[in-house]
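The structure appears right after this line, and notes come after that.
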Amino acid sequence: KEEKKPMIKVGKPAPDFKASAFYKGKFMSTSLSDYKGKWVVLCFYPGDFTFVWATEVSAVAEMNPEFEKLGVQVLSMSVDSVYVHKIWNDHELSKMIGKDIPFPMLSDQDGKIGKMYGIYDEDSGVETRGRFIIDPDGIVRGFEVLTPPVGRNVSETIRQIQAFQLVRDTKGAEV
């Protein structure tokens, strides 16, 4: 019997999860529900030490103050362990941006979370490049999934969040 896979839909709750993470020099555990009440941008990527995500994560890190002003928590996630996240942060990313990555880097080693979000690639054993915008109530407002060689536009993510926030704040009176 084939297992039915959950399907992410805009306007529906984002699947909750618990994951280990590397953040501010420490190993920790976190869950999506820890950020209830905040906007969340959940970014899946194929792996640490990959070129496209390195340039994208540095752009997200540089724009993190803008995300914070909007009340957004960025979370990045790959199948790499928290130890690989630490090594990547300490030896490469921190040199690219002049500081540590300013948001939690989550580990999904078995791909279970990626499977919940429909972006885990069984053949390659990694997650595709996916970005999910989740509102303070835990509802998916938008998502984008790309093949691994193509990166995402951070400015467009900020524009979309501002638009979703306007619609939410005006209860749909303004779009």
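Ligands are numbered from 1 in the order shown, chains are lettered A, B, ... in the order of the structure tokens, and residues start at 1 in each chain.
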Val126 (chain A): which residues within 7 Å, counting only C-alpha atoms, same-chain residues fewer than 4 positions away excluded, as a ChimeraX atom specification? /A:46,79,120-121
Given the selection you just returned, output its residues as a file containing N, CA, C and O atoms, formatted as a PDB file, in the first residue's frame.
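Result went into again.pdb, see below:
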```pdb
ATOM      1  N   PRO A  46      20.019  21.994  -0.538  1.00  0.00           N
ATOM      2  CA  PRO A  46      20.596  20.656  -0.693  1.00  0.00           C
ATOM      3  C   PRO A  46      21.730  20.314   0.279  1.00  0.00           C
ATOM      4  O   PRO A  46      21.814  19.171   0.716  1.00  0.00           O
ATOM      5  N   VAL A  79      20.102  18.415   5.022  1.00  0.00           N
ATOM      6  CA  VAL A  79      20.323  17.085   5.590  1.00  0.00           C
ATOM      7  C   VAL A  79      21.669  16.997   6.325  1.00  0.00           C
ATOM      8  O   VAL A  79      21.973  15.978   6.933  1.00  0.00           O
ATOM      9  N   TYR A 120      11.884  16.571  -0.283  1.00  0.00           N
ATOM     10  CA  TYR A 120      13.017  15.656  -0.135  1.00  0.00           C
ATOM     11  C   TYR A 120      13.143  14.816  -1.405  1.00  0.00           C
ATOM     12  O   TYR A 120      12.177  14.221  -1.866  1.00  0.00           O
ATOM     13  N   ASP A 121      14.330  14.798  -1.974  1.00  0.00           N
ATOM     14  CA  ASP A 121      14.596  14.034  -3.194  1.00  0.00           C
ATOM     15  C   ASP A 121      15.198  12.686  -2.800  1.00  0.00           C
ATOM     16  O   ASP A 121      16.367  12.610  -2.401  1.00  0.00           O
TER      17      ASP A 121
END
```
Enumerate, as a ChimeraX atom specification, the complete set of residues in region 7-168 of chain A that a backbone-based DSSP assignment places in alpha helix (DSSP H). /A:51-62,64-69,82-88,94-97,112-116,154-168
Students should find that CA of Asp48 (chain A) and CA of Thr128 (chain A) are spaced 12.8 Å
Report as a PyMOL selection string all protein, DNA and RNA residues lying within 10 Å of Met7 (chain A), evaluated on only C-alpha atoms, omitting residues in the same chain fewer than 5 positions from it. chain A and resi 12+14-15+115-118
Restrict the selected residues to N, CA, C and O atoms and save them as a PDB file, in the first residue's frame.
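Generated file (again_38.pdb):
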```pdb
ATOM      1  N   LYS A  12      -3.105  26.807   4.476  1.00  0.00           N
ATOM      2  CA  LYS A  12      -3.256  25.672   5.405  1.00  0.00           C
ATOM      3  C   LYS A  12      -2.077  25.664   6.394  1.00  0.00           C
ATOM      4  O   LYS A  12      -1.009  26.214   6.121  1.00  0.00           O
ATOM      5  N   ALA A  14       1.247  24.887   8.380  1.00  0.00           N
ATOM      6  CA  ALA A  14       2.552  24.310   8.062  1.00  0.00           C
ATOM      7  C   ALA A  14       2.779  23.133   9.004  1.00  0.00           C
ATOM      8  O   ALA A  14       2.471  23.228  10.199  1.00  0.00           O
ATOM      9  N   PRO A  15       3.309  22.027   8.503  1.00  0.00           N
ATOM     10  CA  PRO A  15       3.588  20.894   9.387  1.00  0.00           C
ATOM     11  C   PRO A  15       4.619  21.282  10.458  1.00  0.00           C
ATOM     12  O   PRO A  15       5.661  21.854  10.138  1.00  0.00           O
ATOM     13  N   LYS A 115      10.468  15.529   3.730  1.00  0.00           N
ATOM     14  CA  LYS A 115       9.375  14.701   3.202  1.00  0.00           C
ATOM     15  C   LYS A 115       8.026  15.311   3.584  1.00  0.00           C
ATOM     16  O   LYS A 115       7.099  15.328   2.779  1.00  0.00           O
ATOM     17  N   MET A 116       7.914  15.813   4.830  1.00  0.00           N
ATOM     18  CA  MET A 116       6.669  16.447   5.273  1.00  0.00           C
ATOM     19  C   MET A 116       6.332  17.657   4.397  1.00  0.00           C
ATOM     20  O   MET A 116       5.165  17.945   4.151  1.00  0.00           O
ATOM     21  N   TYR A 117       7.374  18.350   3.954  1.00  0.00           N
ATOM     22  CA  TYR A 117       7.179  19.553   3.134  1.00  0.00           C
ATOM     23  C   TYR A 117       7.200  19.248   1.632  1.00  0.00           C
ATOM     24  O   TYR A 117       7.088  20.148   0.809  1.00  0.00           O
ATOM     25  N   GLY A 118       7.370  17.973   1.292  1.00  0.00           N
ATOM     26  CA  GLY A 118       7.294  17.553  -0.096  1.00  0.00           C
ATOM     27  C   GLY A 118       8.481  17.929  -0.956  1.00  0.00           C
ATOM     28  O   GLY A 118       8.363  18.003  -2.173  1.00  0.00           O
TER      29      GLY A 118
END
```
Would you pick out the contacts of region 91-100 of chain A at 10 Å or less, using only C-alpha atoms, so that residues sharing its chain but fewer than 3 positions from it are not included, and give the list as a list in words?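 Contacts, with the query itself left out: Tyr23, Lys24, Gly25, Asp48, Phe49, Ala54, Thr55, Val57, Ser58, Ala59, Ala61, Glu62, His85, Lys86, Ile87, Trp88 and Phe103 of chain A.
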Per-residue DSSP, chain A, filtered to strand (DSSP E or B), as a ChimeraX atom specification: /A:13,18-23,26-31,39-44,72-78,105-107,120-121,126-127,129-134,139-146
What does the file look like for those residues with C-alpha atoms, as a PDB file, in the first residue's frame?
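Here's the written file again03.pdb:
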```pdb
ATOM      1  CA  PRO A  13      -1.154  24.951   8.531  1.00  0.00           C
ATOM      2  CA  LYS A  18      11.377  19.346  15.906  1.00  0.00           C
ATOM      3  CA  ALA A  19      15.011  19.548  14.775  1.00  0.00           C
ATOM      4  CA  SER A  20      18.502  19.949  16.127  1.00  0.00           C
ATOM      5  CA  ALA A  21      20.177  23.219  15.152  1.00  0.00           C
ATOM      6  CA  PHE A  22      23.381  25.209  15.275  1.00  0.00           C
ATOM      7  CA  TYR A  23      22.825  28.823  16.343  1.00  0.00           C
ATOM      8  CA  LYS A  26      25.734  26.487  20.245  1.00  0.00           C
ATOM      9  CA  PHE A  27      23.893  23.268  19.494  1.00  0.00           C
ATOM     10  CA  MET A  28      20.205  23.391  20.373  1.00  0.00           C
ATOM     11  CA  SER A  29      16.853  21.845  19.616  1.00  0.00           C
ATOM     12  CA  THR A  30      13.983  23.811  18.130  1.00  0.00           C
ATOM     13  CA  SER A  31      10.579  23.297  16.586  1.00  0.00           C
ATOM     14  CA  TRP A  39       6.548  35.239  10.745  1.00  0.00           C
ATOM     15  CA  VAL A  40       8.919  32.480   9.633  1.00  0.00           C
ATOM     16  CA  VAL A  41      10.884  32.016   6.432  1.00  0.00           C
ATOM     17  CA  LEU A  42      11.882  28.355   6.289  1.00  0.00           C
ATOM     18  CA  CYS A  43      14.623  27.771   3.701  1.00  0.00           C
ATOM     19  CA  PHE A  44      15.517  24.233   2.659  1.00  0.00           C
ATOM     20  CA  VAL A  72      10.537  37.483  10.682  1.00  0.00           C
ATOM     21  CA  GLN A  73      12.552  34.526  11.948  1.00  0.00           C
ATOM     22  CA  VAL A  74      14.664  32.892   9.247  1.00  0.00           C
ATOM     23  CA  LEU A  75      15.369  29.158   9.603  1.00  0.00           C
ATOM     24  CA  SER A  76      17.645  27.264   7.206  1.00  0.00           C
ATOM     25  CA  MET A  77      17.585  23.486   6.885  1.00  0.00           C
ATOM     26  CA  SER A  78      19.505  20.752   5.101  1.00  0.00           C
ATOM     27  CA  MET A 105      20.775  26.279  10.865  1.00  0.00           C
ATOM     28  CA  LEU A 106      18.623  23.164  11.292  1.00  0.00           C
ATOM     29  CA  SER A 107      19.503  19.556  10.573  1.00  0.00           C
ATOM     30  CA  TYR A 120      13.017  15.656  -0.135  1.00  0.00           C
ATOM     31  CA  ASP A 121      14.596  14.034  -3.194  1.00  0.00           C
ATOM     32  CA  VAL A 126      18.986  15.757  -0.232  1.00  0.00           C
ATOM     33  CA  GLU A 127      16.319  18.410  -0.137  1.00  0.00           C
ATOM     34  CA  ARG A 129      15.724  24.310  -2.774  1.00  0.00           C
ATOM     35  CA  GLY A 130      12.473  25.312  -1.045  1.00  0.00           C
ATOM     36  CA  ARG A 131      11.358  28.481   0.719  1.00  0.00           C
ATOM     37  CA  PHE A 132       8.176  28.621   2.815  1.00  0.00           C
ATOM     38  CA  ILE A 133       6.653  31.809   4.234  1.00  0.00           C
ATOM     39  CA  ILE A 134       4.662  30.992   7.365  1.00  0.00           C
ATOM     40  CA  ILE A 139      -0.285  29.102   8.194  1.00  0.00           C
ATOM     41  CA  VAL A 140       1.664  28.736   4.935  1.00  0.00           C
ATOM     42  CA  ARG A 141       1.215  31.983   3.008  1.00  0.00           C
ATOM     43  CA  GLY A 142       3.501  31.141   0.111  1.00  0.00           C
ATOM     44  CA  PHE A 143       6.222  28.808  -1.029  1.00  0.00           C
ATOM     45  CA  GLU A 144       8.686  28.377  -3.842  1.00  0.00           C
ATOM     46  CA  VAL A 145      10.541  25.203  -4.781  1.00  0.00           C
ATOM     47  CA  LEU A 146      13.404  25.228  -7.274  1.00  0.00           C
TER      48      LEU A 146
END
```
Where does region 58-96 of chain A meet region 155-161 of chain A within 9 Å, residue by residue, with the nearest atom pair and distance in Å to one decimal for each, counting only C-alpha atoms, listed by chain and rising number, as a tab-separated table?
```
residue	atom	partner	partner_atom	distance
A:Met63	CA	A:Ser155	CA	8.5
A:Glu66	CA	A:Ile158	CA	7.9
A:Phe67	CA	A:Ile158	CA	7.1
A:Leu70	CA	A:Ile161	CA	8.1
A:Val72	CA	A:Ile161	CA	8.6
```
CA of Asp123 (chain A) to CA of Tyr45 (chain A): how many Å, to one decimal? 15.3 Å
Across A:Lys112, A:Val82, A:Asp90, A:Pro136, the smallest distance to Phe164 (chain A), with only C-alpha atoms counted, is shown by A:Pro136
